[in-house]
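Peer 1: My structure is below; once you've seen it, I'll send some questions.
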Amino acid sequence: MKPRAQRAIGECRRIAAMSEEEGRTTRRFLTPPMREVHKLLRERMEAMGMTVSVDAAGNLRGSRRPPGSRTRRLIIGSHIDTVPNAGAFDGILGVALALECVEIAQELKLPLPIEIIAFSEEEGVRFGVPFIGSRAAAGRFDPALLKLKDADGVTLEDAIRAFGLDPEEIEKAAIGDDASGFFEIHIEQGPLLEAEDLRVAAVTAIVGQSRHILTWTGLANHAGTTPMHLRRDALAGAAEWVVAAEALALRTDGLVATVGHVDVEPNAGNVIAGAVHVSLDVRHADDAARKSAVEALLAQAEAIAHRRSLALQCTRQMDQPAVPMDERLTAFLAEAIETAGLPVKLMPSGAGHDAMVMAGRLPAAMLFLRSPGGLSHHPDETVLEGDVAAALEVCRKFLERLAAEVG
Ligand SMILES: [Zn+2]
């Protein structure tokens with residue numbers, strides 16, 4: 001698998017130069033460099049005998065059906081848009097490896113039809129809404145999104161037309177009943193596999209997410225004349241709770257809790273904080289565990305506020321359930337990891353991915369590769385050649401297992 005791994009890495013590096021910005025990788029939804037990526041991928045796909053098209057959401061799609069095969073196709077894909085100043089592997093690696101998967105299936109003469117989808121939009125950078133590509137493919141595209149405007153005032157609808165596509169046709173991008181499942185290969189974008197010295201993992205679920213804003217209100221007053229025991233310091237109360245949130249997450253398996261935004265009023269060095277707004281972001285692969293953690297943290301905030309004579313107000317901003325990957329496909333993937341001679345690691349994904357949206361339409365499975373340094377959304381984002389080769393070996397076993405089912 002080494003030459004395949006080298007080729008896939010080379011392809012990712014080459015595509016990283018297809019950018020809106022000189023010297024940095026920035027490729028937003030349907031911008032001119034995305035057309036260059038389409039051209040390159042289309043040439044590869046056509047050379048492999050695949051039938052290629054672009055759907056109305058700008059997803060590049062290539063299919064190949066082995067002669068005589070009548071079974072439903074497996075869809076393999078990931079996204080080809082990037083964040084600003086991105087690395088070379090987030091998303092695009094999954095497409096480069098999907099191409100290798102098709103070749104592997106061809107070489108082994110597996111009776112498994114495969115469609116590759118290079119999703120046009122996942123990051124949400126241009127229009128502030130993520131997963132535009134996979135929403136359309138999963139039949140979950142809300143036409144109201146067409147009115148969204150980018151920073152230059154261009155609507156999503158106009159962006160689609162400018163790319164030579166017809167927004168009226170978006171419904172037709174939806175996958176019908178002739179697909180059996182979705183498989184995504186993606187870098188972990190976190191430090192776990194590196195910390196455990198593992199090359200790959202099968203993803204069990206995309207974690208659910210709760211977001212809240214807590215407003216702590218005390219009394220702004222003079223920092224020199226107000227004695228400590230007569231203060232109602234909103235920031236000290238919030239700070240006590242921030243540390244409590246960290247402690248709860250540290251002792252709860254699989255839980256992450258983050259306070260990443262703080263707004264202090266009046267935010268002056270010689271004034272006791274009168275009011276503080278803080279964000280809370282809580283994630284867990286198990287919805288019940290996430291909900292009970294949120295309840296515990298809000299109760300703790302109430303208790304701290306009460307003890308310190310502060311008023312507390314809490315607003316829920318997001319309550320997104322976890323999306324489990326398909327049990328059967330994930331079991332096949334775990335088996336493939338094992339037969340490839342690697343330790344079997346199962347883990348949830350803390351970030352959203354196209355597989356999360358596609359799981360609403362099809363049984364979905366996802367393979368993670370180690371992210372060296374745990375680094376992603378950064379120009380230094382990378383992969384190890386040995387990990388990519390190992391992932392391809394896992395893919396081979398996975399495809400063989402699926403082909404055995406249908407064959
Ligand atoms: Zn990604």
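Letters A, B, ... go to the chains of the structure tokens in the order shown; residues in each chain start at 1; ligands are counted from 1 in the same order.
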Counting only C-alpha atoms, which residues of stretch 149-265 of chain A fall within 7 Å of stretch 346-361 of chain A, and what is the closest atom pair for each with its distance in Å at one decimal, ordered by chain and rising number, as JSON lines?
Peer 2:
{"residue": "A:Phe182", "atom": "CA", "partner": "A:Met358", "partner_atom": "CA", "distance": 6.9}
{"residue": "A:Glu184", "atom": "CA", "partner": "A:Ala355", "partner_atom": "CA", "distance": 6.3}
{"residue": "A:Ala201", "atom": "CA", "partner": "A:Leu346", "partner_atom": "CA", "distance": 5.5}
{"residue": "A:Ala202", "atom": "CA", "partner": "A:Leu346", "partner_atom": "CA", "distance": 4.9}
{"residue": "A:Val203", "atom": "CA", "partner": "A:Met347", "partner_atom": "CA", "distance": 5.1}
{"residue": "A:Thr204", "atom": "CA", "partner": "A:Pro348", "partner_atom": "CA", "distance": 5.1}
{"residue": "A:Ala205", "atom": "CA", "partner": "A:Pro348", "partner_atom": "CA", "distance": 4.8}
{"residue": "A:Ile206", "atom": "CA", "partner": "A:Ser349", "partner_atom": "CA", "distance": 4.7}
{"residue": "A:Val207", "atom": "CA", "partner": "A:Gly350", "partner_atom": "CA", "distance": 5.5}
Peer 1: Step by step, measure atom-to-atom distances between ligand 1 and each residue using only C-alpha atoms and all ligand atoms, keep those at most 10 Å, then write them as an mmCIF file with N, CA and C atoms, in the first residue's frame.
Peer 2:
data_model
loop_
_atom_site.group_PDB
_atom_site.id
_atom_site.type_symbol
_atom_site.label_atom_id
_atom_site.label_comp_id
_atom_site.auth_asym_id
_atom_site.auth_seq_id
_atom_site.Cartn_x
_atom_site.Cartn_y
_atom_site.Cartn_z
ATOM 1 N N SER A 78 -15.770 12.603 1.193
ATOM 2 C CA SER A 78 -15.468 13.614 2.196
ATOM 3 C C SER A 78 -15.484 14.955 1.461
ATOM 4 N N HIS A 79 -15.050 16.019 2.137
ATOM 5 C CA HIS A 79 -15.230 17.353 1.548
ATOM 6 C C HIS A 79 -13.957 17.914 0.937
ATOM 7 N N ILE A 80 -14.141 18.827 -0.030
ATOM 8 C CA ILE A 80 -12.981 19.436 -0.689
ATOM 9 C C ILE A 80 -12.905 20.945 -0.442
ATOM 10 N N ASP A 81 -13.788 21.484 0.404
ATOM 11 C CA ASP A 81 -13.623 22.884 0.813
ATOM 12 C C ASP A 81 -12.709 22.910 2.037
ATOM 13 N N THR A 82 -12.202 24.080 2.381
ATOM 14 C CA THR A 82 -11.299 24.186 3.533
ATOM 15 C C THR A 82 -11.652 25.415 4.375
ATOM 16 N N VAL A 83 -11.075 25.449 5.567
ATOM 17 C CA VAL A 83 -11.118 26.671 6.378
ATOM 18 C C VAL A 83 -10.052 27.620 5.810
ATOM 19 N N PHE A 89 -4.903 18.190 4.415
ATOM 20 C CA PHE A 89 -5.485 16.845 4.538
ATOM 21 C C PHE A 89 -6.919 16.777 5.047
ATOM 22 N N ASP A 90 -7.370 17.805 5.746
ATOM 23 C CA ASP A 90 -8.739 17.807 6.270
ATOM 24 C C ASP A 90 -9.707 17.709 5.097
ATOM 25 N N GLY A 91 -10.472 16.633 5.036
ATOM 26 C CA GLY A 91 -11.453 16.446 3.966
ATOM 27 C C GLY A 91 -10.855 15.805 2.738
ATOM 28 N N ILE A 92 -9.914 16.489 2.096
ATOM 29 C CA ILE A 92 -9.401 16.033 0.801
ATOM 30 C C ILE A 92 -8.734 14.654 0.890
ATOM 31 N N LEU A 93 -8.132 14.341 2.032
ATOM 32 C CA LEU A 93 -7.523 13.011 2.182
ATOM 33 C C LEU A 93 -8.580 11.919 1.974
ATOM 34 N N GLY A 94 -9.786 12.177 2.482
ATOM 35 C CA GLY A 94 -10.861 11.192 2.351
ATOM 36 C C GLY A 94 -11.257 10.964 0.902
ATOM 37 N N GLU A 121 -19.005 21.462 0.229
ATOM 38 C CA GLU A 121 -19.034 22.385 1.363
ATOM 39 C C GLU A 121 -19.275 21.621 2.646
ATOM 40 N N GLU A 122 -18.383 21.778 3.599
ATOM 41 C CA GLU A 122 -18.556 21.144 4.908
ATOM 42 C C GLU A 122 -18.238 22.117 6.021
ATOM 43 N N GLU A 123 -17.309 23.032 5.778
ATOM 44 C CA GLU A 123 -16.763 23.853 6.853
ATOM 45 C C GLU A 123 -17.652 25.029 7.262
ATOM 46 N N ILE A 185 -13.401 8.559 5.284
ATOM 47 C CA ILE A 185 -12.064 8.440 5.870
ATOM 48 C C ILE A 185 -11.613 9.867 6.164
ATOM 49 N N HIS A 186 -11.122 10.126 7.364
ATOM 50 C CA HIS A 186 -10.822 11.508 7.755
ATOM 51 C C HIS A 186 -9.704 11.500 8.795
ATOM 52 N N ILE A 187 -8.934 12.570 8.827
ATOM 53 C CA ILE A 187 -7.950 12.701 9.909
ATOM 54 C C ILE A 187 -8.689 12.961 11.226
ATOM 55 N N GLU A 188 -8.090 12.514 12.317
ATOM 56 C CA GLU A 188 -8.747 12.651 13.630
ATOM 57 C C GLU A 188 -8.946 14.112 14.023
ATOM 58 N N GLN A 189 -8.015 14.959 13.690
ATOM 59 C CA GLN A 189 -8.037 16.385 14.075
ATOM 60 C C GLN A 189 -7.962 16.555 15.586
ATOM 61 N N ALA A 351 -15.761 16.309 16.618
ATOM 62 C CA ALA A 351 -16.080 17.304 15.597
ATOM 63 C C ALA A 351 -17.163 16.753 14.679
ATOM 64 N N GLY A 352 -17.892 17.640 14.039
ATOM 65 C CA GLY A 352 -18.894 17.221 13.063
ATOM 66 C C GLY A 352 -18.222 16.837 11.746
ATOM 67 N N HIS A 353 -18.825 15.934 10.990
ATOM 68 C CA HIS A 353 -18.284 15.511 9.695
ATOM 69 C C HIS A 353 -19.444 15.236 8.742
ATOM 70 N N ASP A 354 -19.127 15.119 7.437
ATOM 71 C CA ASP A 354 -20.162 14.785 6.462
ATOM 72 C C ASP A 354 -20.894 13.498 6.857
ATOM 73 N N SER A 376 -4.855 20.346 13.409
ATOM 74 C CA SER A 376 -5.692 20.462 12.213
ATOM 75 C C SER A 376 -6.198 21.892 12.091
ATOM 76 N N HIS A 377 -6.806 22.218 10.943
ATOM 77 C CA HIS A 377 -7.198 23.601 10.652
ATOM 78 C C HIS A 377 -5.988 24.519 10.823
#
Peer 1: Can you list every residue in stretch 38-105 of chain A that DSSP puts in alpha helix (DSSP H), as a list in words?
Peer 2: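 Taking stretch 38-105 of chain A and keeping alpha helix (DSSP H) gives His38, Lys39, Leu40, Leu41, Arg42, Glu43, Arg44, Met45, Glu46, Ala47, Ile92, Leu93, Gly94, Val95, Ala96, Leu97, Ala98, Leu99, Glu100, Cys101, Val102, Glu103, Ile104 and Ala105 of chain A.
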Peer 1: Rounded to one decimal in Å, what is the spacing between atom CA of A:His277 and atom CA of A:Gly254?
Peer 2: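 Atom CA of A:Gly254 lies at a distance of 26.4 Å from atom CA of A:His277.
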Peer 1: Write out as JSON, numbers by chain the residues lying within 9 Å of stretch 149-160 of chain A, counting only C-alpha atoms and excluding same-chain residues fewer than 5 positions away.
Peer 2: {"A": [29, 30, 31, 56, 57, 58, 125, 126, 127, 128, 165, 166, 167]}
Peer 1: Taking N, CA and C atoms for each residue, export the selection above as a JSON list (two decimals), in the first residue's frame.
Peer 2:
[["chain", "number", "residue", "atom", "x", "y", "z"],
["A", 29, "PHE", "N", -16.48, 27.17, -0.70],
["A", 29, "PHE", "CA", -17.53, 26.62, -1.54],
["A", 29, "PHE", "C", -17.63, 27.30, -2.90],
["A", 30, "LEU", "N", -17.48, 26.53, -3.96],
["A", 30, "LEU", "CA", -17.68, 26.97, -5.35],
["A", 30, "LEU", "C", -16.87, 28.20, -5.77],
["A", 31, "THR", "N", -15.72, 28.39, -5.17],
["A", 31, "THR", "CA", -14.80, 29.44, -5.62],
["A", 31, "THR", "C", -13.96, 28.86, -6.77],
["A", 56, "ALA", "N", -26.26, 19.66, -8.40],
["A", 56, "ALA", "CA", -26.59, 21.09, -8.32],
["A", 56, "ALA", "C", -26.07, 21.76, -7.05],
["A", 57, "ALA", "N", -25.61, 20.96, -6.08],
["A", 57, "ALA", "CA", -25.00, 21.55, -4.89],
["A", 57, "ALA", "C", -23.48, 21.65, -5.06],
["A", 58, "GLY", "N", -22.99, 21.30, -6.26],
["A", 58, "GLY", "CA", -21.56, 21.42, -6.53],
["A", 58, "GLY", "C", -20.74, 20.23, -6.05],
["A", 125, "VAL", "N", -17.67, 28.00, 5.94],
["A", 125, "VAL", "CA", -16.91, 29.25, 5.93],
["A", 125, "VAL", "C", -17.58, 30.33, 5.07],
["A", 126, "ARG", "N", -17.98, 29.97, 3.85],
["A", 126, "ARG", "CA", -18.45, 31.03, 2.95],
["A", 126, "ARG", "C", -19.83, 31.56, 3.33],
["A", 127, "PHE", "N", -20.77, 30.67, 3.69],
["A", 127, "PHE", "CA", -22.13, 31.13, 3.96],
["A", 127, "PHE", "C", -22.54, 30.98, 5.43],
["A", 128, "GLY", "N", -21.58, 30.63, 6.28],
["A", 128, "GLY", "CA", -21.87, 30.55, 7.71],
["A", 128, "GLY", "C", -22.67, 29.33, 8.11],
["A", 165, "LEU", "N", -24.30, 25.83, -12.44],
["A", 165, "LEU", "CA", -25.25, 24.82, -11.96],
["A", 165, "LEU", "C", -26.62, 25.45, -11.74],
["A", 166, "ASP", "N", -27.64, 24.61, -11.62],
["A", 166, "ASP", "CA", -29.00, 25.11, -11.49],
["A", 166, "ASP", "C", -29.55, 24.82, -10.09],
["A", 167, "PRO", "N", -29.72, 25.87, -9.26],
["A", 167, "PRO", "CA", -30.19, 25.65, -7.89],
["A", 167, "PRO", "C", -31.57, 24.97, -7.82]]
Peer 1: Compile the contact shell of stretch 294-305 of chain A as a ChimeraX atom specification: residues with an atom at most 9 Å away, counting only C-alpha atoms, same-chain residues fewer than 5 positions apart removed.
Peer 2: /A:210,214,216-217,234,237-238,240-241,244-245,248,282,289,310-312,314
Peer 1: Excluding same-chain residues fewer than 5 positions from stretch 220-230 of chain A, what lies within 12 Å of it counting only C-alpha atoms, as an MDAnalysis selection string?
Peer 2: chainID A and resid 235:236 264:276 308:310
Peer 1: Please determine, counting only C-alpha atoms, which residue among A:Leu97, A:Ala195, A:Ile9, A:Ile337 has the shortest atom-to-atom distance to A:Phe398.
Peer 2: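 When distances to A:Phe398 are compared using only C-alpha atoms, the smallest one comes from A:Ile337.
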Peer 1: Can you measure atom CA of A:Val95 to atom CA of A:Ser120 for me? One decimal in Å is fine.
Peer 2: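 Straight-line distance from atom CA of A:Val95 to atom CA of A:Ser120 works out to 11.5 Å.
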Peer 1: Tell me, in Å to one decimal, how far atom CA of A:Glu36 is from atom CA of A:Met1.
Peer 2: 27.2 Å
Peer 1: Which residue, A:Arg13, A:Arg44, A:Arg73, A:His38, has the smallest gap to A:Leu60 when you use only C-alpha atoms?
Peer 2: A:His38
